[in-house]
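What follows is a short report on a single structure.
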Amino acid sequence: MGDVTGALIDPLDLVSPELYGERGFPHETWAILRREDPVHWCEPEGFRPFWVISKHADLKYVSSNPELFSSRPRLTLQPKAAEQQMLEMFPDAADQGGMPLRMLVTMDPPEHRTYRNLASPYFRPRIVSNLEDRIDEITRLLFDRLSGTDRDVDFVEEFAQWHPLRMLCEVLGVSADREELILRLTNELFGAADPDMGREDQENLLPEMFEFFFGLVEEKRAKPAEDLASVLANATIDGEPLPHIELLSYFVLIATAGHDTTRNAMSGGMLALLQHPDQFQALRDDPSLIRPAVEEIVRWASPVIHFFRTATRDTEVGGKQIRAGDSLLLFYPSANRDEDVWDDPFEFRIDRDPNPHLGFGVGEHFCLGSALAKAELRIFLEHMVRRVSDVGVVGELANTHASFVGGLKHLPLRWTCR
Ligand code: HEM
């Protein structure tokens with residue numbers, strides 16, 4: 001079946017950032033794979049080969065067995081030439097495929113747990129609920145700025161990208177005047193292949209990020225506060241401060257993971273509501289649907305497109321023989337449209353309950369910021385249904401050229417916002 005499927009799909013649909021930008025997520029290709037060859041050996045030109053994991057059950061199995069499927073050395077899709085360049089630049093990071101950052105997402109147990117425990121108290125639902133007043137205020141101010149009758153708004157540029165960014169800066173304890181810098185750096189990292197976002201001197205991006213966060217660490221060591229940056233800057237493991245690279249990597253991860261993902265969920269959710277007016281009306285009529293709507297938005301938009309795992313020994317997934325060292329590519333948006341889990345996966349339905357989507361991952365690396373992301377999306381929807389009316393798309397949508405974390409980069413709307 002594998003060879004037949006190879007003829008049915010074009011592997012470039014799965015890996016090319018440009019195609020994600022031009023056509024959006026390759027849902028048709030994923031549907032073929034789920035049906036014909038759920039664990040599919042893929043050899044796209046210019047990339048090292050990998051197994052595509054397209055089904056919910058297989059993604060859950062792989063993510064839940066970190067001793068069998070390691071989070072390194074391969075983390076995300078990169079052309080072979082780029083991987084080679086990284087290995088040459090950072091030979092000491094060969095065990096991570098030349099990626100010099102040591103982040104939670106590249107660690108395995110037991111080290112992973114030790115590092116995760118440093119920040120996890122900060123992301124517990126009870127702590128996040130204390131942040132709700134601030135989320136509420138940020139949401140109100142952003143809508144205030146965009147209020148008016150029949151007003152043109154680029155929802156991504158003027159709303160969705162600022163909302164999670166402000167919250168992130170709040171959580172980290174970064175002052176508002178440094179927001180734009182964080183915005184630029186995260187765009188440059190996740191939108192590296194996008195003509196509007198990437199930078200010419202990509203090799204200087206990480207040094208610039210490190211310099212910024214090192215300054216923040218020094219600031220929070222000199223004057224600790226109640227924020228997450230202070231917790232990390234002053235954290236110890238076995239009585240020792242965190243090693244330099246691990247500490248700075250933690251900042252890079254939180255700053256990037258907490259921003260682009262939520263922006264894409266927010267804009268993807270807004271578009272889904274506009275494309276499904278009955279669901280939008282149902283949400284306006286019954287605010288108790290806001291909580292399940294948040295889950296459905298994350299399932300529908302699935303902003304994290306993929307992560308890799310690497311088999312630590314010979315094993316089997318979905319009946320396929322996997323060899324030690326093989327890479328497995330987990331496609332979250334595909335798992336979230338799995339026909340074996342939902343009868344109608346291509347319907348956007350805000351009342352799904354339960355909604356066992358994998359948009360936040362599952363198992364050892366389950367998203368640390370999920371409670372915060374959900375609170376942001378919920379409070380956004382609460383304000384939006386009350387304040388926004390006569391809203392519609394008035395121009396060209398545009399997707400980010402990205403195969404890792406993706407979604408809309410322009411959503412031009414006209415609305416009346418009270
Ligand atoms: C809708 C928004 C979000 C989505 C869809 C999302 C998705 C994900 C996914 C799929 C993973 C799993 C990675 C894996 O299995 O290897 C993950 C991990 C993570 N997320 Fe999120 N995320 C979101 C928001 C946030 C926010 C707001 C933060 C923090 C402020 C955050 C911080 C993290 C961190 C630190 C990890 C790594 C956890 C670990 O490796 O143990 N995320 N996220």
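Chain lettering (A, B, ...) mirrors the order of the structure tokens, residue numbering begins at 1 for each chain separately, and ligand numbering begins at 1 in order of display.
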
Among the residues of segment 30-253 of chain A, find those DSSP assigns to strand (DSSP E or B) from the backbone and print them as a PyMOL selection string.
chain A and resi 39-42+50-53+69-70+148-154+236-237+240-241

Exercise: segment 188-205 of chain A partners within 8 Å, only C-alpha atoms, chain neighbours under 3 positions left out, as a list in words
Pro17, Glu18, Arg184, Leu185, Glu208, Met209, Thr256, Asp260, Thr400, His401, Ala402, Phe404 and Val405 of chain A

At a cut-off of 6 Å, can you tabulate as CSV every residue of chain A near ligand 1 together with its closest atom pair and the distance in Å to one decimal, using only C-alpha atoms and all ligand atoms and ordering rows by chain then number?
```
residue,atom,partner,partner_atom_place_in_ligand_line,distance
A:Leu104,CA,ligand 1,40 (O),4.2
A:Val105,CA,ligand 1,40 (O),3.8
A:Arg116,CA,ligand 1,41 (O),5.8
A:Leu168,CA,ligand 1,30 (C),6.0
A:Leu253,CA,ligand 1,35 (C),6.0
A:Ile254,CA,ligand 1,35 (C),5.1
A:Ala257,CA,ligand 1,31 (C),4.7
A:Gly258,CA,ligand 1,26 (C),3.4
A:Thr261,CA,ligand 1,2 (C),4.4
A:Thr262,CA,ligand 1,2 (C),3.9
A:Ala265,CA,ligand 1,1 (C),5.1
A:Val298,CA,ligand 1,1 (C),5.9
A:Ser302,CA,ligand 1,5 (C),5.8
A:Pro303,CA,ligand 1,5 (C),5.2
A:Val304,CA,ligand 1,10 (C),5.4
A:Phe307,CA,ligand 1,16 (O),5.8
A:Gly359,CA,ligand 1,5 (C),5.1
A:Phe360,CA,ligand 1,10 (C),4.0
A:Gly361,CA,ligand 1,10 (C),3.9
A:His365,CA,ligand 1,41 (O),3.6
A:Phe366,CA,ligand 1,12 (C),5.0
A:Cys367,CA,ligand 1,18 (C),3.5
A:Leu368,CA,ligand 1,33 (C),4.5
A:Gly369,CA,ligand 1,28 (C),3.5
A:Ser370,CA,ligand 1,24 (C),5.4
A:Leu372,CA,ligand 1,27 (C),5.5
A:Ala373,CA,ligand 1,27 (C),4.5
```

Would you put the residues from that selection into a file with C-alpha atoms, as a PDB file, in the first residue's frame?
```pdb
ATOM      1  CA  LEU A 104      12.102  21.170  27.190  1.00  0.00           C
ATOM      2  CA  VAL A 105      10.986  20.071  23.746  1.00  0.00           C
ATOM      3  CA  ARG A 116       9.628  21.099  33.372  1.00  0.00           C
ATOM      4  CA  LEU A 168       3.443  36.608  27.549  1.00  0.00           C
ATOM      5  CA  LEU A 253      10.959  28.342  24.269  1.00  0.00           C
ATOM      6  CA  ILE A 254       8.430  30.153  26.463  1.00  0.00           C
ATOM      7  CA  ALA A 257       5.758  28.729  22.133  1.00  0.00           C
ATOM      8  CA  GLY A 258       3.488  31.108  23.971  1.00  0.00           C
ATOM      9  CA  THR A 261       0.560  29.358  18.629  1.00  0.00           C
ATOM     10  CA  THR A 262      -2.105  31.378  20.407  1.00  0.00           C
ATOM     11  CA  ALA A 265      -5.569  29.774  17.212  1.00  0.00           C
ATOM     12  CA  VAL A 298      -7.790  24.522  18.895  1.00  0.00           C
ATOM     13  CA  SER A 302      -4.245  23.111  15.159  1.00  0.00           C
ATOM     14  CA  PRO A 303      -1.526  25.767  14.986  1.00  0.00           C
ATOM     15  CA  VAL A 304       1.324  23.395  15.854  1.00  0.00           C
ATOM     16  CA  PHE A 307       7.112  17.755  15.908  1.00  0.00           C
ATOM     17  CA  GLY A 359      -3.826  20.315  19.491  1.00  0.00           C
ATOM     18  CA  PHE A 360      -1.827  20.744  22.720  1.00  0.00           C
ATOM     19  CA  GLY A 361       0.011  17.461  22.235  1.00  0.00           C
ATOM     20  CA  HIS A 365       5.459  17.070  26.514  1.00  0.00           C
ATOM     21  CA  PHE A 366       1.801  18.091  26.807  1.00  0.00           C
ATOM     22  CA  CYS A 367       1.653  21.854  26.353  1.00  0.00           C
ATOM     23  CA  LEU A 368       2.725  23.657  29.490  1.00  0.00           C
ATOM     24  CA  GLY A 369       0.793  26.788  28.551  1.00  0.00           C
ATOM     25  CA  SER A 370      -2.530  25.177  27.644  1.00  0.00           C
ATOM     26  CA  LEU A 372      -3.146  30.112  29.764  1.00  0.00           C
ATOM     27  CA  ALA A 373      -3.890  29.721  26.052  1.00  0.00           C
TER      28      ALA A 373
END
```

Just to confirm, what's the straight-line distance from atom CA of Pro91 of chain A to atom CA of Asp238 of chain A in Å (one decimal)?
28.2 Å

Distance table requested - segment 51-144 of chain A against segment 335-346 of chain A, cut-off 6 Å, only C-alpha atoms: one row per qualifying residue with the closest atom pair and its distance in Å to one decimal, ordered by chain and rising residue number, as JSON lines.
```
{"residue": "A:Ser54", "atom": "CA", "partner": "A:Ala335", "partner_atom": "CA", "distance": 5.7}
{"residue": "A:Lys55", "atom": "CA", "partner": "A:Ala335", "partner_atom": "CA", "distance": 4.7}
{"residue": "A:His56", "atom": "CA", "partner": "A:Ala335", "partner_atom": "CA", "distance": 4.2}
```

Output file for the residues above (N, CA and C atoms, as a PDB file, in the first residue's frame):
```
ATOM      1  N   SER A  54      -0.023   9.995  10.907  1.00  0.00           N
ATOM      2  CA  SER A  54      -1.173  10.837  10.553  1.00  0.00           C
ATOM      3  C   SER A  54      -2.400  10.568  11.395  1.00  0.00           C
ATOM      4  N   LYS A  55      -2.406   9.460  12.191  1.00  0.00           N
ATOM      5  CA  LYS A  55      -3.630   9.135  12.930  1.00  0.00           C
ATOM      6  C   LYS A  55      -3.513   9.456  14.409  1.00  0.00           C
ATOM      7  N   HIS A  56      -4.658   9.758  14.985  1.00  0.00           N
ATOM      8  CA  HIS A  56      -4.784  10.148  16.384  1.00  0.00           C
ATOM      9  C   HIS A  56      -4.164   9.100  17.311  1.00  0.00           C
TER      10      HIS A  56
END
```

Which residues, written as a tab-separated table (two decimals) with N, CA, C and O atoms, in the first residue's frame, have at least one atom at most 8 Å from segment 317-330 of chain A, with only C-alpha atoms counted and residues fewer than 3 positions away on the same chain left out?
```tsv
chain	number	residue	atom	x	y	z
A	38	PRO	N	-1.52	4.98	7.04
A	38	PRO	CA	-1.44	5.91	8.19
A	38	PRO	C	-0.03	6.12	8.74
A	38	PRO	O	0.26	7.18	9.27
A	39	VAL	N	0.81	5.09	8.61
A	39	VAL	CA	2.22	5.28	9.01
A	39	VAL	C	3.01	5.14	7.71
A	39	VAL	O	3.26	4.04	7.23
A	49	PRO	N	14.59	11.38	5.00
A	49	PRO	CA	13.28	10.71	5.03
A	49	PRO	C	12.74	10.53	6.45
A	49	PRO	O	13.48	10.69	7.43
A	50	PHE	N	11.46	10.21	6.55
A	50	PHE	CA	10.82	10.04	7.86
A	50	PHE	C	9.52	9.27	7.68
A	50	PHE	O	8.98	9.16	6.57
A	51	TRP	N	9.02	8.76	8.80
A	51	TRP	CA	7.68	8.17	8.83
A	51	TRP	C	6.67	9.28	9.12
A	51	TRP	O	6.86	10.04	10.06
A	52	VAL	N	5.59	9.31	8.36
A	52	VAL	CA	4.52	10.26	8.67
A	52	VAL	C	3.51	9.57	9.59
A	52	VAL	O	2.99	8.50	9.25
A	53	ILE	N	3.27	10.17	10.75
A	53	ILE	CA	2.25	9.65	11.67
A	53	ILE	C	1.02	10.54	11.49
A	53	ILE	O	1.03	11.72	11.86
A	54	SER	N	-0.02	10.00	10.91
A	54	SER	CA	-1.17	10.84	10.55
A	54	SER	C	-2.40	10.57	11.39
A	54	SER	O	-3.36	11.35	11.36
A	58	ASP	N	-2.04	6.69	16.78
A	58	ASP	CA	-0.58	6.50	16.64
A	58	ASP	C	0.19	7.69	17.21
A	58	ASP	O	1.22	7.53	17.85
A	59	LEU	N	-0.33	8.89	17.00
A	59	LEU	CA	0.34	10.09	17.55
A	59	LEU	C	0.34	10.00	19.08
A	59	LEU	O	1.35	10.28	19.74
A	74	ARG	N	16.17	14.96	16.16
A	74	ARG	CA	15.48	15.75	15.14
A	74	ARG	C	14.26	16.40	15.77
A	74	ARG	O	13.43	15.71	16.37
A	306	HIS	N	3.66	20.23	13.38
A	306	HIS	CA	4.38	18.97	13.60
A	306	HIS	C	5.46	19.10	14.67
A	306	HIS	O	5.89	20.20	15.01
A	307	PHE	N	5.85	17.95	15.19
A	307	PHE	CA	7.11	17.75	15.91
A	307	PHE	C	7.63	16.39	15.51
A	307	PHE	O	6.86	15.52	15.11
A	308	PHE	N	8.95	16.21	15.61
A	308	PHE	CA	9.53	14.89	15.34
A	308	PHE	C	9.74	14.08	16.62
A	308	PHE	O	9.91	14.67	17.70
A	309	ARG	N	9.80	12.79	16.48
A	309	ARG	CA	10.38	11.90	17.47
A	309	ARG	C	11.35	10.98	16.74
A	309	ARG	O	11.21	10.78	15.53
A	310	THR	N	12.31	10.41	17.48
A	310	THR	CA	13.28	9.48	16.89
A	310	THR	C	13.23	8.16	17.66
A	310	THR	O	13.30	8.18	18.90
A	311	ALA	N	13.09	7.05	16.93
A	311	ALA	CA	12.99	5.74	17.60
A	311	ALA	C	14.32	5.41	18.28
A	311	ALA	O	15.38	5.56	17.67
A	312	THR	N	14.24	4.98	19.54
A	312	THR	CA	15.48	4.65	20.27
A	312	THR	C	15.88	3.19	20.04
A	312	THR	O	17.00	2.80	20.31
A	313	ARG	N	14.91	2.36	19.61
A	313	ARG	CA	15.25	0.96	19.26
A	313	ARG	C	14.26	0.46	18.21
A	313	ARG	O	13.25	1.13	17.95
A	314	ASP	N	14.55	-0.69	17.66
A	314	ASP	CA	13.64	-1.26	16.66
A	314	ASP	C	12.29	-1.49	17.31
A	314	ASP	O	12.21	-2.01	18.44
```

Point-to-point distance in Å for atom CA of Gln275 of chain A and atom CA of Pro292 of chain A
17.9 Å

For a quick check of understanding, using only C-alpha atoms, which of A:Met266, A:Cys417, A:Val174, A:Ala82 has the smallest distance to Val385 of chain A?
A:Cys417

For Tyr61 of chain A, the closest of A:Arg386, A:Leu141, A:Gly363, A:Asn187 counting only C-alpha atoms is A:Gly363

Could you list, as a PDB file with N, CA and C atoms, in the first residue's frame, every residue within 10 Å of Val252 of chain A, counting only C-alpha atoms and ignoring same-chain residues fewer than 6 positions away?
```pdb
ATOM      1  N   LEU A 101      20.116  25.032  21.035  1.00  0.00           N
ATOM      2  CA  LEU A 101      19.269  25.266  22.205  1.00  0.00           C
ATOM      3  C   LEU A 101      18.969  23.949  22.917  1.00  0.00           C
ATOM      4  N   ARG A 102      18.974  23.992  24.249  1.00  0.00           N
ATOM      5  CA  ARG A 102      18.551  22.798  25.002  1.00  0.00           C
ATOM      6  C   ARG A 102      17.249  23.159  25.716  1.00  0.00           C
ATOM      7  N   MET A 103      16.143  22.842  25.048  1.00  0.00           N
ATOM      8  CA  MET A 103      14.822  23.248  25.548  1.00  0.00           C
ATOM      9  C   MET A 103      14.065  22.019  26.041  1.00  0.00           C
ATOM     10  N   ILE A 182      10.293  41.396  21.051  1.00  0.00           N
ATOM     11  CA  ILE A 182       9.927  39.972  21.167  1.00  0.00           C
ATOM     12  C   ILE A 182       9.093  39.554  19.959  1.00  0.00           C
ATOM     13  N   LEU A 185      11.441  39.025  17.002  1.00  0.00           N
ATOM     14  CA  LEU A 185      12.293  37.840  17.135  1.00  0.00           C
ATOM     15  C   LEU A 185      11.489  36.547  16.955  1.00  0.00           C
ATOM     16  N   THR A 186      10.274  36.493  17.503  1.00  0.00           N
ATOM     17  CA  THR A 186       9.480  35.252  17.348  1.00  0.00           C
ATOM     18  C   THR A 186       9.011  35.103  15.903  1.00  0.00           C
ATOM     19  N   LEU A 189      11.854  33.733  13.941  1.00  0.00           N
ATOM     20  CA  LEU A 189      12.158  32.323  14.209  1.00  0.00           C
ATOM     21  C   LEU A 189      11.150  31.413  13.529  1.00  0.00           C
ATOM     22  N   LEU A 206      19.666  33.807  16.713  1.00  0.00           N
ATOM     23  CA  LEU A 206      19.827  33.224  18.049  1.00  0.00           C
ATOM     24  C   LEU A 206      20.732  34.070  18.936  1.00  0.00           C
ATOM     25  N   MET A 209      18.661  36.819  20.234  1.00  0.00           N
ATOM     26  CA  MET A 209      17.729  36.355  21.266  1.00  0.00           C
ATOM     27  C   MET A 209      18.455  36.129  22.588  1.00  0.00           C
ATOM     28  N   PHE A 210      19.623  35.484  22.498  1.00  0.00           N
ATOM     29  CA  PHE A 210      20.384  35.197  23.716  1.00  0.00           C
ATOM     30  C   PHE A 210      20.773  36.485  24.438  1.00  0.00           C
ATOM     31  N   PHE A 212      19.277  39.353  24.367  1.00  0.00           N
ATOM     32  CA  PHE A 212      18.100  39.956  25.001  1.00  0.00           C
ATOM     33  C   PHE A 212      17.749  39.221  26.298  1.00  0.00           C
ATOM     34  N   PHE A 213      17.675  37.891  26.217  1.00  0.00           N
ATOM     35  CA  PHE A 213      17.239  37.149  27.409  1.00  0.00           C
ATOM     36  C   PHE A 213      18.314  37.141  28.492  1.00  0.00           C
ATOM     37  N   GLU A 246      20.872  26.083  28.964  1.00  0.00           N
ATOM     38  CA  GLU A 246      19.555  25.580  29.356  1.00  0.00           C
ATOM     39  C   GLU A 246      18.661  26.729  29.814  1.00  0.00           C
ATOM     40  N   GLY A 258       4.664  30.469  23.395  1.00  0.00           N
ATOM     41  CA  GLY A 258       3.488  31.108  23.971  1.00  0.00           C
ATOM     42  C   GLY A 258       2.866  32.156  23.075  1.00  0.00           C
TER      43      GLY A 258
END
```

For segment 294-296 of chain A, list every protein, DNA or RNA residue within 8 Å, evaluated using only C-alpha atoms, and leave out those in the same chain fewer than 4 positions away; present the list as an mmCIF file with C-alpha atoms, in the first residue's frame.
```cif
data_model
loop_
_atom_site.group_PDB
_atom_site.id
_atom_site.type_symbol
_atom_site.label_atom_id
_atom_site.label_comp_id
_atom_site.auth_asym_id
_atom_site.auth_seq_id
_atom_site.Cartn_x
_atom_site.Cartn_y
_atom_site.Cartn_z
ATOM 1 C CA ILE A 290 -17.633 29.440 24.844
ATOM 2 C CA TRP A 300 -9.836 23.124 14.011
ATOM 3 C CA PHE A 348 -16.668 22.993 12.748
ATOM 4 C CA ARG A 349 -18.993 22.385 15.736
ATOM 5 C CA ILE A 350 -18.574 24.469 18.859
ATOM 6 C CA ASP A 351 -20.657 22.154 21.043
ATOM 7 C CA ARG A 352 -18.410 19.085 20.790
ATOM 8 C CA ASN A 355 -13.426 16.840 22.284
ATOM 9 C CA HIS A 357 -8.201 16.749 20.204
ATOM 10 C CA LYS A 374 -7.421 28.522 26.805
ATOM 11 C CA LEU A 377 -9.113 32.355 23.889
ATOM 12 C CA ARG A 378 -12.118 32.168 26.225
#
```

Tell me, in Å to one decimal, how far atom CA of Pro110 of chain A is from atom CA of Val231 of chain A.
20.9 Å

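For the choices A:Gly173, A:Ser147, A:His410, A:Leu77, the atom-to-atom distance to Glu219 of chain A is smallest for A:Gly173 when using only C-alpha atoms.
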